[in-house]
Amino acid sequence: MDGDWKDKDYAAHYNKLYATPTQEFGIYVGVLDLNNGDSLVDFGCGNGDFLLLASGKVNHALGVDISQPQVETARKKLASRPNSEILLSTFLDFSPGQRRFTKGFSRKALHHLTDPEKEKFILNIAPAFKPGALFLLEDGMFFDFPRADMEKNWEALMAEAARYYGNGWEAKKKDIIYSFREEFPTGADEWTRIFEKAGFNIKQRLPKCSFYGTLLAVKG
Ligand SMILES: C[S@@+](CC[C@H](N)C(=O)[O-])C[C@H]1O[C@@H](n2cnc3c(N)ncnc32)[C@H](O)[C@@H]1O
């Protein structure tokens with residue numbers, strides 16, 4: 001995504017072109033088994049669509065996002081949910097402090113961090129996750145090869161992207177190619193290494209296609 005998240009028009013472009021059906025967020029609610037004993041954090045919460053759904057299930061829901069326009073939209077959306085809180089913060093500046101989480105979620109957001117930054121971030125937040133806590137990460141990541149081999153796999157990657165996005169491919173192509181080349185989707189193996197170093201185990205590895213999917217981690 002080659003836009004500036006602090007720019008209102010770019011945030012509006014994303015919210016329109018990449019709007020997520022509520023049913024899709026409902027699947028994450030099920031996978032995370034959200035319940036009223038949970039304290040949930042959503043890193044890169046964007047316009048708050050997932051938090052709106054999730055905050056109806058959990059004890060406390062926290063969203064963290066760098067984008068002022070997205071944070072404002074999320075705060076408005078969640079105004080009637082006193083158990084929710086939206087923090088304007090970068091991932092790397094976020095400090096859990098006394099907070100303790102039983103569930104974590106991050107979708108289409110952590111590819112903004114380089115691999116060393118991903119590791120720094122996960123090591124920083126890991127102590128705030130209770131034993132047994134679940135963390136669902138969904139993002140661009142390469143399931144079949146390490147990031148270093150991306151250019152070698154470029155033709156197959158483009159063919160797979162055209163298949164995956166179908167009729168939406170032409171409209172999304174510029175954003176997706178920018179994300180592959182200029183942002184930092186990494187190998188699923190690298191994500192696994194990072195989570196394991198931080199004391200999580202990967203419980204499920206669910207590719208939606210070769211370059212996008214979900215890891216479900218559980219805190220040891
Ligand atoms: C592609 S959107 C995803 C939003 C939402 N999670 C979804 O699934 O639709 C990425 C979000 O990550 C946020 N973001 C990007 N870089 C960030 C950073 N360094 N720290 C915190 N948030 C960041 C952006 O502001 C944006 O709201």
# chains A, B, ... in the order shown; residues from 1 in each chain; ligands from 1

call {"tool": "select_by_dssp", "arguments": {"residues": "region 29-208 of chain A", "states": "strand (DSSP E)", "output": "MDAnalysis selection string"}}
result
chainID A and resid 39:43 60:65 84:88 101:107 129:142 186:187 200:208

call {"tool": "residues_near_ligand", "arguments": {"ligand": "ligand 1", "cutoff": "7 Å", "atoms": "only C-alpha atoms and all ligand atoms", "output": "CSV table (one decimal) with N, CA and C atoms, in the first residue's frame"}}
result
chain,number,residue,atom,x,y,z
A,5,TRP,N,-0.7,6.5,5.7
A,5,TRP,CA,-1.8,6.3,6.5
A,5,TRP,C,-2.3,7.5,7.3
A,6,LYS,N,-1.4,8.5,7.4
A,6,LYS,CA,-1.8,9.7,8.2
A,6,LYS,C,-2.7,10.6,7.3
A,18,TYR,N,-10.8,-1.9,0.2
A,18,TYR,CA,-10.5,-3.2,0.9
A,18,TYR,C,-11.5,-3.4,2.0
A,19,ALA,N,-12.7,-2.9,1.9
A,19,ALA,CA,-13.7,-3.1,3.0
A,19,ALA,C,-13.8,-4.6,3.2
A,20,THR,N,-13.9,-5.0,4.5
A,20,THR,CA,-14.0,-6.4,4.8
A,20,THR,C,-15.4,-6.8,5.3
A,43,PHE,N,-3.6,-4.9,16.8
A,43,PHE,CA,-2.5,-4.0,16.3
A,43,PHE,C,-2.7,-3.6,14.9
A,44,GLY,N,-2.9,-2.3,14.6
A,44,GLY,CA,-3.2,-1.9,13.3
A,44,GLY,C,-4.7,-2.0,13.1
A,45,CYS,N,-5.4,-1.5,14.0
A,45,CYS,CA,-6.9,-1.7,14.0
A,45,CYS,C,-7.6,-1.0,12.9
A,46,GLY,N,-7.0,0.0,12.3
A,46,GLY,CA,-7.6,0.7,11.2
A,46,GLY,C,-8.9,1.4,11.6
A,47,ASN,N,-9.9,1.2,10.8
A,47,ASN,CA,-11.2,2.0,11.1
A,47,ASN,C,-12.0,1.3,12.2
A,64,VAL,N,-4.7,-0.3,18.5
A,64,VAL,CA,-3.5,0.5,18.4
A,64,VAL,C,-3.3,0.8,16.9
A,65,ASP,N,-3.1,2.1,16.6
A,65,ASP,CA,-2.9,2.4,15.2
A,65,ASP,C,-2.2,3.8,15.1
A,66,ILE,N,-1.4,3.9,14.0
A,66,ILE,CA,-0.6,5.1,13.8
A,66,ILE,C,-1.3,6.2,13.1
A,67,SER,N,-2.5,5.9,12.5
A,67,SER,CA,-3.2,6.8,11.6
A,67,SER,C,-4.3,7.6,12.4
A,70,GLN,N,-7.8,7.1,10.8
A,70,GLN,CA,-8.4,5.8,11.1
A,70,GLN,C,-8.7,5.8,12.6
A,89,SER,N,-0.8,5.3,18.2
A,89,SER,CA,0.6,4.9,18.5
A,89,SER,C,1.2,4.1,17.4
A,90,THR,N,2.5,4.2,17.2
A,90,THR,CA,3.2,3.3,16.3
A,90,THR,C,3.3,2.0,17.0
A,91,PHE,N,3.6,0.9,16.3
A,91,PHE,CA,3.8,-0.4,16.9
A,91,PHE,C,5.0,-0.3,17.8
A,92,LEU,N,6.1,0.3,17.3
A,92,LEU,CA,7.3,0.2,18.1
A,92,LEU,C,7.3,1.1,19.3
A,106,SER,N,-3.8,-9.1,14.7
A,106,SER,CA,-3.3,-8.1,13.8
A,106,SER,C,-3.5,-8.6,12.3
A,107,ARG,N,-4.1,-7.7,11.6
A,107,ARG,CA,-4.5,-8.1,10.2
A,107,ARG,C,-4.0,-7.1,9.2
A,108,LYS,N,-3.2,-7.5,8.2
A,108,LYS,CA,-2.7,-6.6,7.1
A,108,LYS,C,-2.0,-5.4,7.7
A,109,ALA,N,-1.2,-5.6,8.7
A,109,ALA,CA,-0.6,-4.4,9.3
A,109,ALA,C,0.9,-4.6,9.6
A,112,HIS,N,4.3,-3.7,7.7
A,112,HIS,CA,4.9,-2.3,7.7
A,112,HIS,C,6.2,-2.3,8.4
A,113,LEU,N,6.5,-3.3,9.2
A,113,LEU,CA,7.7,-3.4,10.0
A,113,LEU,C,8.8,-4.2,9.2

call {"tool": "residues_around", "arguments": {"residues": "Lys172 (chain A)", "least_positions_apart": "5", "cutoff": "10 Å", "atoms": "only C-alpha atoms", "output": "PyMOL selection string"}}
result
chain A and resi 1+17-18+161-162+165+167+177

call {"tool": "select_by_dssp", "arguments": {"residues": "chain A", "states": "alpha helix (DSSP H)", "output": "PyMOL selection string"}}
result
chain A and resi 8-17+22-31+49-54+68-77+115-125+154-165+169-182+188-197

call {"tool": "write_last_selection", "arguments": {"atoms": "C-alpha atoms", "output": "CSV table (one decimal), in the first residue's frame"}}
result
chain,number,residue,atom,x,y,z
A,8,LYS,CA,-7.4,11.2,5.2
A,9,ASP,CA,-7.8,10.5,1.5
A,10,TYR,CA,-5.5,7.4,1.6
A,11,ALA,CA,-7.3,6.0,4.6
A,12,ALA,CA,-10.7,6.5,2.8
A,13,HIS,CA,-9.2,4.8,-0.4
A,14,TYR,CA,-8.2,1.8,1.7
A,15,ASN,CA,-11.5,1.6,3.6
A,16,LYS,CA,-13.5,1.6,0.4
A,17,LEU,CA,-11.4,-0.7,-1.8
A,22,THR,CA,-18.5,-8.6,8.7
A,23,GLN,CA,-18.8,-12.4,8.1
A,24,GLU,CA,-15.0,-12.5,7.5
A,25,PHE,CA,-14.3,-10.8,10.8
A,26,GLY,CA,-16.8,-13.2,12.4
A,27,ILE,CA,-14.5,-16.1,11.4
A,28,TYR,CA,-11.6,-14.5,13.4
A,29,VAL,CA,-13.9,-14.1,16.4
A,30,GLY,CA,-14.5,-17.9,16.3
A,31,VAL,CA,-10.9,-18.8,15.7
A,49,ASP,CA,-14.5,-2.7,12.1
A,50,PHE,CA,-13.0,-5.8,13.8
A,51,LEU,CA,-13.0,-4.1,17.2
A,52,LEU,CA,-16.6,-3.2,16.8
A,53,LEU,CA,-17.6,-6.8,16.4
A,54,ALA,CA,-15.0,-8.1,19.0
A,68,GLN,CA,-5.0,9.8,13.1
A,69,PRO,CA,-7.9,9.6,10.5
A,70,GLN,CA,-8.4,5.8,11.1
A,71,VAL,CA,-8.2,6.3,14.9
A,72,GLU,CA,-10.8,9.0,14.7
A,73,THR,CA,-13.1,6.8,12.7
A,74,ALA,CA,-12.6,3.9,15.0
A,75,ARG,CA,-13.2,6.0,18.1
A,76,LYS,CA,-16.5,7.2,16.6
A,77,LYS,CA,-17.5,3.7,15.7
A,115,ASP,CA,12.0,-8.1,9.9
A,116,PRO,CA,14.3,-6.8,12.7
A,117,GLU,CA,11.5,-4.4,13.7
A,118,LYS,CA,9.0,-7.3,13.7
A,119,GLU,CA,11.2,-9.2,16.1
A,120,LYS,CA,11.7,-6.1,18.4
A,121,PHE,CA,8.0,-5.5,18.4
A,122,ILE,CA,6.9,-9.1,19.2
A,123,LEU,CA,9.6,-9.4,21.9
A,124,ASN,CA,8.4,-6.1,23.4
A,125,ILE,CA,4.7,-7.2,23.6
A,154,TRP,CA,8.0,-13.0,-9.2
A,155,GLU,CA,6.2,-14.5,-12.2
A,156,ALA,CA,4.5,-17.2,-10.2
A,157,LEU,CA,3.6,-14.6,-7.5
A,158,MET,CA,1.9,-12.3,-10.0
A,159,ALA,CA,0.0,-15.2,-11.5
A,160,GLU,CA,-1.1,-16.3,-8.0
A,161,ALA,CA,-2.1,-12.7,-7.1
A,162,ALA,CA,-4.2,-12.3,-10.3
A,163,ARG,CA,-6.0,-15.6,-9.4
A,164,TYR,CA,-6.4,-14.7,-5.7
A,165,TYR,CA,-7.8,-11.2,-6.3
A,169,TRP,CA,-6.9,-7.5,-9.3
A,170,GLU,CA,-6.6,-4.6,-11.7
A,171,ALA,CA,-7.9,-2.1,-9.1
A,172,LYS,CA,-5.6,-3.5,-6.4
A,173,LYS,CA,-2.5,-4.4,-8.4
A,174,LYS,CA,-0.6,-1.1,-7.9
A,175,ASP,CA,-1.1,-1.4,-4.1
A,176,ILE,CA,-0.2,-5.0,-3.9
A,177,ILE,CA,3.0,-4.8,-6.0
A,178,TYR,CA,4.1,-1.8,-3.9
A,179,SER,CA,3.5,-3.8,-0.8
A,180,PHE,CA,5.6,-6.8,-2.1
A,181,ARG,CA,8.4,-4.6,-3.2
A,182,GLU,CA,8.5,-1.6,-0.9
A,188,ALA,CA,6.1,-17.5,7.2
A,189,ASP,CA,9.2,-19.4,8.5
A,190,GLU,CA,10.7,-16.0,9.6
A,191,TRP,CA,7.4,-15.2,11.4
A,192,THR,CA,7.5,-18.6,13.1
A,193,ARG,CA,11.0,-18.0,14.3
A,194,ILE,CA,10.1,-14.6,15.7
A,195,PHE,CA,7.1,-15.9,17.6
A,196,GLU,CA,9.0,-18.9,19.0
A,197,LYS,CA,11.8,-16.6,20.2

call {"tool": "atom_distance", "arguments": {"atom1": "CA of Glu85 (chain A)", "atom2": "CA of Thr214 (chain A)"}}
result
24.9 Å

call {"tool": "residues_around", "arguments": {"residues": "Gly104 (chain A)", "least_positions_apart": "5", "cutoff": "9 Å", "atoms": "only C-alpha atoms", "output": "tab-separated table (two decimals) with N, CA and C atoms, in the first residue's frame"}}
result
chain	number	residue	atom	x	y	z
A	32	LEU	N	-10.43	-17.16	17.42
A	32	LEU	CA	-9.83	-16.68	18.67
A	32	LEU	C	-10.67	-17.08	19.90
A	39	SER	N	-9.17	-10.13	27.40
A	39	SER	CA	-8.65	-8.78	27.15
A	39	SER	C	-7.93	-8.88	25.81
A	40	LEU	N	-8.45	-8.15	24.84
A	40	LEU	CA	-8.01	-8.28	23.44
A	40	LEU	C	-7.25	-7.04	22.99
A	41	VAL	N	-6.20	-7.27	22.18
A	41	VAL	CA	-5.54	-6.12	21.54
A	41	VAL	C	-5.50	-6.36	20.03
A	42	ASP	N	-5.79	-5.30	19.27
A	42	ASP	CA	-5.75	-5.36	17.80
A	42	ASP	C	-4.69	-4.36	17.33
A	43	PHE	N	-3.57	-4.88	16.81
A	43	PHE	CA	-2.49	-4.00	16.34
A	43	PHE	C	-2.72	-3.64	14.88
A	129	PHE	N	1.38	-10.95	27.24
A	129	PHE	CA	0.41	-11.99	26.91
A	129	PHE	C	0.48	-13.11	27.96
A	133	ALA	N	-2.50	-17.51	26.02
A	133	ALA	CA	-3.10	-16.46	25.17
A	133	ALA	C	-2.91	-16.81	23.70
A	134	LEU	N	-3.92	-16.45	22.90
A	134	LEU	CA	-3.84	-16.69	21.46
A	134	LEU	C	-3.54	-15.39	20.73
A	135	PHE	N	-2.74	-15.49	19.68
A	135	PHE	CA	-2.45	-14.34	18.83
A	135	PHE	C	-2.68	-14.76	17.39
A	136	LEU	N	-3.64	-14.08	16.75
A	136	LEU	CA	-3.94	-14.40	15.34
A	136	LEU	C	-3.31	-13.30	14.46
A	137	LEU	N	-2.35	-13.71	13.66
A	137	LEU	CA	-1.71	-12.79	12.72
A	137	LEU	C	-2.16	-13.15	11.32

call {"tool": "residues_around", "arguments": {"residues": "Phe143 (chain A)", "least_positions_apart": "4", "cutoff": "12 Å", "atoms": "only C-alpha atoms", "output": "list in words"}}
result
Asp139, Arg147, Asp149, Met150, Asn153, Leu157, Pro185, Thr186, Gly187, Ala188, Asp189, Glu190, Trp191, Thr192, Arg205, Leu206, Pro207, Lys208, Cys209, Ser210, Phe211, Tyr212, Gly213, Thr214 and Leu215 of chain A

call {"tool": "write_last_selection", "arguments": {"atoms": "C-alpha atoms", "output": "mmCIF file, in the first residue's frame"}}
result
data_model
loop_
_atom_site.group_PDB
_atom_site.id
_atom_site.type_symbol
_atom_site.label_atom_id
_atom_site.label_comp_id
_atom_site.auth_asym_id
_atom_site.auth_seq_id
_atom_site.Cartn_x
_atom_site.Cartn_y
_atom_site.Cartn_z
ATOM 1 C CA ASP A 139 -0.866 -10.643 6.715
ATOM 2 C CA ARG A 147 11.456 -13.119 1.287
ATOM 3 C CA ASP A 149 13.687 -15.329 -2.983
ATOM 4 C CA MET A 150 10.770 -13.043 -3.886
ATOM 5 C CA ASN A 153 9.424 -16.205 -7.727
ATOM 6 C CA LEU A 157 3.634 -14.578 -7.529
ATOM 7 C CA PRO A 185 5.918 -9.056 3.932
ATOM 8 C CA THR A 186 8.262 -11.787 5.078
ATOM 9 C CA GLY A 187 8.489 -15.561 4.952
ATOM 10 C CA ALA A 188 6.088 -17.536 7.155
ATOM 11 C CA ASP A 189 9.174 -19.355 8.509
ATOM 12 C CA GLU A 190 10.672 -16.046 9.637
ATOM 13 C CA TRP A 191 7.417 -15.156 11.429
ATOM 14 C CA THR A 192 7.464 -18.578 13.085
ATOM 15 C CA ARG A 205 -0.572 -22.154 9.794
ATOM 16 C CA LEU A 206 -3.369 -21.327 7.366
ATOM 17 C CA PRO A 207 -2.317 -19.977 3.955
ATOM 18 C CA LYS A 208 -5.157 -18.366 1.964
ATOM 19 C CA CYS A 209 -2.813 -18.372 -1.032
ATOM 20 C CA SER A 210 0.967 -18.594 -1.426
ATOM 21 C CA PHE A 211 1.552 -14.989 -0.265
ATOM 22 C CA TYR A 212 -1.223 -14.279 2.222
ATOM 23 C CA GLY A 213 -2.608 -16.067 5.212
ATOM 24 C CA THR A 214 -2.856 -16.601 8.902
ATOM 25 C CA LEU A 215 -0.683 -17.846 11.729
#

call {"tool": "decode", "arguments": {"residues": "region 8-36 of chain A", "atoms": "C-alpha atoms", "output": "short mmCIF file (atom, residue, chain, number, x, y, z; two decimals), in the first residue's frame"}}
result
data_model
loop_
_atom_site.label_atom_id
_atom_site.label_comp_id
_atom_site.auth_asym_id
_atom_site.auth_seq_id
_atom_site.Cartn_x
_atom_site.Cartn_y
_atom_site.Cartn_z
CA LYS A 8 -7.35 11.15 5.24
CA ASP A 9 -7.83 10.48 1.52
CA TYR A 10 -5.53 7.45 1.55
CA ALA A 11 -7.33 6.00 4.59
CA ALA A 12 -10.66 6.54 2.76
CA HIS A 13 -9.24 4.80 -0.37
CA TYR A 14 -8.24 1.79 1.72
CA ASN A 15 -11.52 1.63 3.64
CA LYS A 16 -13.47 1.64 0.36
CA LEU A 17 -11.40 -0.68 -1.84
CA TYR A 18 -10.47 -3.17 0.90
CA ALA A 19 -13.66 -3.09 2.99
CA THR A 20 -14.00 -6.41 4.82
CA PRO A 21 -17.35 -8.21 5.08
CA THR A 22 -18.49 -8.62 8.70
CA GLN A 23 -18.76 -12.41 8.11
CA GLU A 24 -14.99 -12.52 7.51
CA PHE A 25 -14.30 -10.77 10.82
CA GLY A 26 -16.78 -13.20 12.39
CA ILE A 27 -14.48 -16.08 11.43
CA TYR A 28 -11.62 -14.50 13.43
CA VAL A 29 -13.94 -14.10 16.44
CA GLY A 30 -14.53 -17.87 16.25
CA VAL A 31 -10.88 -18.84 15.72
CA LEU A 32 -9.83 -16.68 18.67
CA ASP A 33 -12.75 -18.04 20.72
CA LEU A 34 -13.42 -14.50 22.01
CA ASN A 35 -15.34 -14.52 25.27
CA ASN A 36 -16.18 -12.27 28.19
#
